[in-house]
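Peer 1: My file is final34.txt. It has compact mmCIF, C-alpha atoms:
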# COMPACT_ATOMS: atom_id res chain seq x y z
CA MET A 1 0.00 0.00 0.00
CA SER A 2 1.38 3.39 -0.99
CA LEU A 3 1.12 6.04 1.71
CA PRO A 4 1.31 9.79 1.05
CA PHE A 5 4.38 10.62 3.16
CA SER A 6 7.09 13.15 2.51
CA ILE A 7 10.04 14.61 4.33
CA LYS A 8 10.78 18.30 4.58
CA VAL A 9 14.29 19.41 5.42
CA TYR A 10 15.54 22.86 6.25
CA LYS A 11 18.68 23.63 8.20
CA GLN A 12 20.32 26.98 8.81
CA TYR A 13 23.38 25.73 6.96
CA PHE A 14 21.32 25.12 3.79
CA ASN A 15 22.40 28.50 2.48
CA PHE A 16 24.86 30.13 0.13
CA ALA A 17 25.95 33.67 -0.65
CA SER A 18 26.44 34.23 -4.36
CA SER A 19 26.46 37.01 -6.90
CA HIS A 20 24.72 37.04 -10.26
CA PHE A 21 23.02 39.18 -12.84
CA MET A 22 19.98 38.35 -14.92
CA ILE A 23 19.97 38.64 -18.69
CA PHE A 24 16.48 39.53 -19.88
CA GLU A 25 14.76 38.35 -23.08
CA ASN A 26 15.65 41.57 -24.91
CA GLY A 27 19.34 41.13 -24.02
CA THR A 28 19.50 43.79 -21.31
CA ARG A 29 21.01 42.85 -18.00
CA GLU A 30 20.51 43.84 -14.43
CA PRO A 31 23.48 45.08 -12.39
CA LEU A 32 25.79 42.55 -10.78
CA HIS A 33 24.56 41.95 -7.24
CA GLY A 34 24.33 39.22 -4.63
CA HIS A 35 21.98 37.37 -2.33
CA ASN A 36 22.13 35.28 0.79
CA TYR A 37 20.11 32.34 -0.51
CA ARG A 38 18.37 29.77 1.68
CA VAL A 39 17.26 26.34 0.53
CA GLN A 40 14.47 24.04 1.68
CA VAL A 41 13.77 20.56 0.34
CA ARG A 42 10.70 18.32 0.41
CA GLY A 43 10.82 14.78 -0.94
CA GLU A 44 8.10 12.20 -1.41
CA ALA A 45 8.61 8.48 -1.82
CA PRO A 46 6.43 5.83 -3.41
CA SER A 47 6.47 3.82 -0.16
CA LEU A 48 8.03 3.78 3.27
CA GLU A 49 11.22 1.76 3.56
CA GLY A 50 12.05 0.97 7.17
CA ASP A 51 9.24 3.32 8.21
CA MET A 52 10.97 6.32 6.60
CA VAL A 53 10.67 8.19 3.32
CA PHE A 54 14.45 8.80 3.38
CA ASP A 55 16.83 9.12 6.30
CA PHE A 56 17.38 12.73 7.40
CA LEU A 57 20.99 11.83 8.23
CA ASP A 58 21.54 10.91 4.57
CA ILE A 59 19.82 13.84 2.86
CA LYS A 60 21.26 16.67 4.98
CA PRO A 61 24.92 16.29 3.89
CA ILE A 62 23.84 16.08 0.24
CA VAL A 63 21.86 19.33 0.38
CA ARG A 64 24.71 20.98 2.27
CA GLU A 65 27.25 19.81 -0.33
CA VAL A 66 25.17 21.30 -3.16
CA CYS A 67 24.72 24.60 -1.29
CA ASP A 68 28.43 24.75 -0.45
CA SER A 69 29.33 24.32 -4.13
CA LEU A 70 27.42 27.54 -4.91
CA ASP A 71 28.76 29.54 -1.98
CA HIS A 72 30.91 32.61 -2.65
CA LYS A 73 30.72 32.25 -6.43
CA LEU A 74 29.62 34.40 -9.31
CA LEU A 75 26.85 32.30 -10.87
CA ILE A 76 26.88 32.44 -14.66
CA PRO A 77 24.26 30.72 -16.86
CA LYS A 78 26.41 29.03 -19.49
CA ASP A 79 23.34 28.11 -21.58
CA ASN A 80 22.22 31.73 -22.02
CA LYS A 81 22.27 32.61 -25.73
CA HIS A 82 23.01 36.29 -25.00
CA LEU A 83 26.32 35.65 -23.22
CA LYS A 84 29.73 35.05 -24.73
CA ILE A 85 31.98 33.17 -22.34
CA TYR A 86 35.60 32.33 -22.99
CA THR A 87 38.81 31.82 -21.04
CA ASP A 88 41.79 34.13 -20.94
CA ARG A 89 44.62 32.58 -18.97
CA LYS A 90 43.09 31.81 -15.55
CA ASN A 91 40.03 34.03 -16.01
CA TYR A 92 36.60 33.66 -17.51
CA VAL A 93 35.69 36.58 -19.72
CA ILE A 94 31.95 37.17 -19.95
CA GLU A 95 30.58 39.52 -22.60
CA THR A 96 27.00 40.73 -22.45
CA PRO A 97 24.85 42.32 -25.18
CA ASP A 98 25.30 45.77 -23.58
CA GLU A 99 29.04 45.36 -24.35
CA SER A 100 30.03 44.87 -20.72
CA HIS A 101 33.10 42.70 -20.24
CA PHE A 102 33.65 40.86 -16.98
CA SER A 103 37.03 39.22 -16.43
CA ILE A 104 36.92 37.10 -13.29
CA PRO A 105 39.22 34.39 -11.94
CA GLN A 106 37.86 30.97 -12.87
CA SER A 107 38.01 29.93 -9.21
CA ASP A 108 35.44 32.63 -8.37
CA VAL A 109 32.96 31.64 -11.08
CA LEU A 110 30.53 28.76 -11.35
CA LEU A 111 29.22 28.14 -14.86
CA LEU A 112 25.80 26.59 -14.40
CA PRO A 113 24.00 24.52 -17.07
CA ILE A 114 20.94 26.78 -16.91
CA LEU A 115 19.42 29.51 -19.10
CA ASN A 116 19.48 32.26 -16.48
CA THR A 117 20.34 32.78 -12.83
CA SER A 118 16.81 33.40 -11.60
CA ALA A 119 15.84 31.76 -8.31
CA GLU A 120 13.57 29.49 -10.37
CA ARG A 121 16.42 28.21 -12.57
CA ILE A 122 18.75 27.87 -9.58
CA ALA A 123 16.06 25.75 -7.86
CA VAL A 124 15.97 23.44 -10.90
CA TYR A 125 19.77 23.13 -10.82
CA ILE A 126 19.82 22.35 -7.09
CA CYS A 127 17.03 19.79 -7.50
CA ASP A 128 18.89 18.05 -10.34
CA GLU A 129 22.11 17.94 -8.30
CA ILE A 130 20.35 16.52 -5.23
CA ARG A 131 18.56 13.88 -7.31
CA LYS A 132 21.81 12.88 -9.01
CA LYS A 133 23.70 12.57 -5.71
CA VAL A 134 20.90 10.63 -3.98
CA THR A 135 20.78 8.19 -6.88
CA GLN A 136 24.57 7.80 -7.01
CA LYS A 137 25.04 7.33 -3.26
CA PHE A 138 21.90 5.42 -2.35
CA GLY A 139 20.32 4.11 -5.55
CA PHE A 140 17.15 5.92 -4.49
CA ALA A 141 14.75 8.18 -6.37
CA PHE A 142 12.11 10.37 -4.78
CA ASN A 143 8.63 10.21 -6.33
CA SER A 144 8.76 13.98 -6.26
CA LEU A 145 11.35 16.42 -5.04
CA GLU A 146 10.53 20.03 -4.29
CA VAL A 147 13.25 22.62 -3.85
CA GLU A 148 12.59 26.11 -2.56
CA VAL A 149 15.23 28.79 -3.06
CA GLU A 150 14.72 31.95 -1.02
CA GLU A 151 16.52 34.96 -2.49
CA THR A 152 15.60 37.34 0.29
CA PRO A 153 13.21 36.86 3.23
CA GLY A 154 9.71 36.57 1.84
CA GLN A 155 10.82 36.03 -1.79
CA SER A 156 11.38 32.51 -2.99
CA ALA A 157 10.95 30.28 -5.99
CA VAL A 158 9.79 26.68 -5.78
CA TYR A 159 10.52 23.93 -8.29
CA LEU A 160 8.75 20.58 -8.13
CA HIS A 161 10.23 17.61 -10.01
CA ARG A 162 8.04 14.52 -10.45
CA GLU A 163 9.29 11.17 -11.69
Go ahead and express the file in the form of structure tokens.
Peer 2:
Amino acid sequence: MSLPFSIKVYKQYFNFASSHFMIFENGTREPLHGHNYRVQVRGEAPSLEGDMVFDFLDIKPIVREVCDSLDHKLLIPKDNKHLKIYTDRKNYVIETPDESHFSIPQSDVLLLPILNTSAERIAVYICDEIRKKVTQKFGFAFNSLEVEVEETPGQSAVYLHRE
């Protein structure tokens, strides 16, 4: 019998401070700025194994690892058609349609496989990373996995992935 159970996990250390800028549909960009993001996760399983959806002790380090990978980075959407990104020695050079040129050490940049660095797209990225790590480490897949990314208090985006 399938029971409608889920786990919801939020810890104070599920956070990251990153900078970004959005590129809008018309090619304009917002100024470079940063946020102190917070992440919350809710996962549902098709059934209870050992009376649990998934062990809290197993999911917490995975979420923390994903958040830590984003911390103190400039987040750049490498799949954005409006950006030109290339390397120059140890830097990434990012050119935008308004002819801005950013040259930033590669160690300070995270090129994300997303279209833009909106909270919505970052939530998708985080969800995909958590799902991948849970599958690799535990051979487990949530029925659904919801990731909430809070940009500032009271402003968040939620992505829900369903198998």
Peer 1: Could you pull the residues within 9 Å of Lys60 in chain A, counting all atoms listed in the file, minus those fewer than 4 positions along the same chain, as a PyMOL selection string?
Peer 2: chain A and resi 9-11+14+55-56+64-65
Peer 1: Using only C-alpha atoms, which residues sit within 8 Å of Asn143 in chain A once same-chain residues fewer than 3 positions away are excluded, as a PyMOL selection string?
Peer 2: chain A and resi 43-46+162-163
Peer 1: Could you name the residues that touch Leu111 in chain A at 8 Å or less, counting all atoms listed in the file, but leaving out those on the same chain fewer than 3 positions away, as a ChimeraX atom specification?
Peer 2: /A:75-78
Peer 1: With all atoms listed in the file counted, which protein, DNA or RNA residues have an atom no more than 12 Å from (27.1, 45.4, -21.8) in the file frame? Please answer as a PyMOL selection string.
Peer 2: chain A and resi 21+23+27-32+82-84+94-102
Peer 1: Quick check, in Å to one decimal: how far apart do CA of Lys90 in chain A and CA of Ser103 in chain A lie?
Peer 2: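 According to the coordinates, CA of Lys90 in chain A and CA of Ser103 in chain A are separated by 9.6 Å.
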Peer 1: May I ask for the distance between CA of Val41 in chain A and CA of Val147 in chain A, given in Å to one decimal place?
Peer 2: 4.7 Å
Peer 1: Out of A:Val39, A:Ile7, A:Leu48, A:Leu74, which residue has the shortest atom-to-atom distance to Asp108 in chain A when counting only C-alpha atoms?
Peer 2: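 Answer, going by the shortest atom-to-atom distance: A:Leu74.
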Peer 1: Report the distance between CA of Asp51 in chain A and CA of Val134 in chain A in Å, rounded to one decimal place.
Peer 2: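 Between CA of Asp51 in chain A and CA of Val134 in chain A the gap is 18.4 Å.
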Peer 1: Select, counting all atoms listed in the file, all protein, DNA and RNA residues no farther than 12 Å from (22.4, 12.7, -4.0) in file coordinates, and express the selection as a PyMOL selection string.
Peer 2: chain A and resi 54+58-66+126-142+145
Peer 1: So which one's closest to Tyr125 in chain A, A:Val93, A:Glu49, A:Met22, A:Leu160? Using all atoms listed in the file, please.
Peer 2: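 Checking each of A:Val93, A:Glu49, A:Met22, A:Leu160 against Tyr125 in chain A, counting all atoms listed in the file, the winner is A:Leu160.
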Peer 1: So, with all atoms listed in the file as the atoms that count, which of A:Ser69, A:Gln106, A:Ser144, A:Asn15 lies closest to Tyr86 in chain A?
Peer 2: A:Gln106
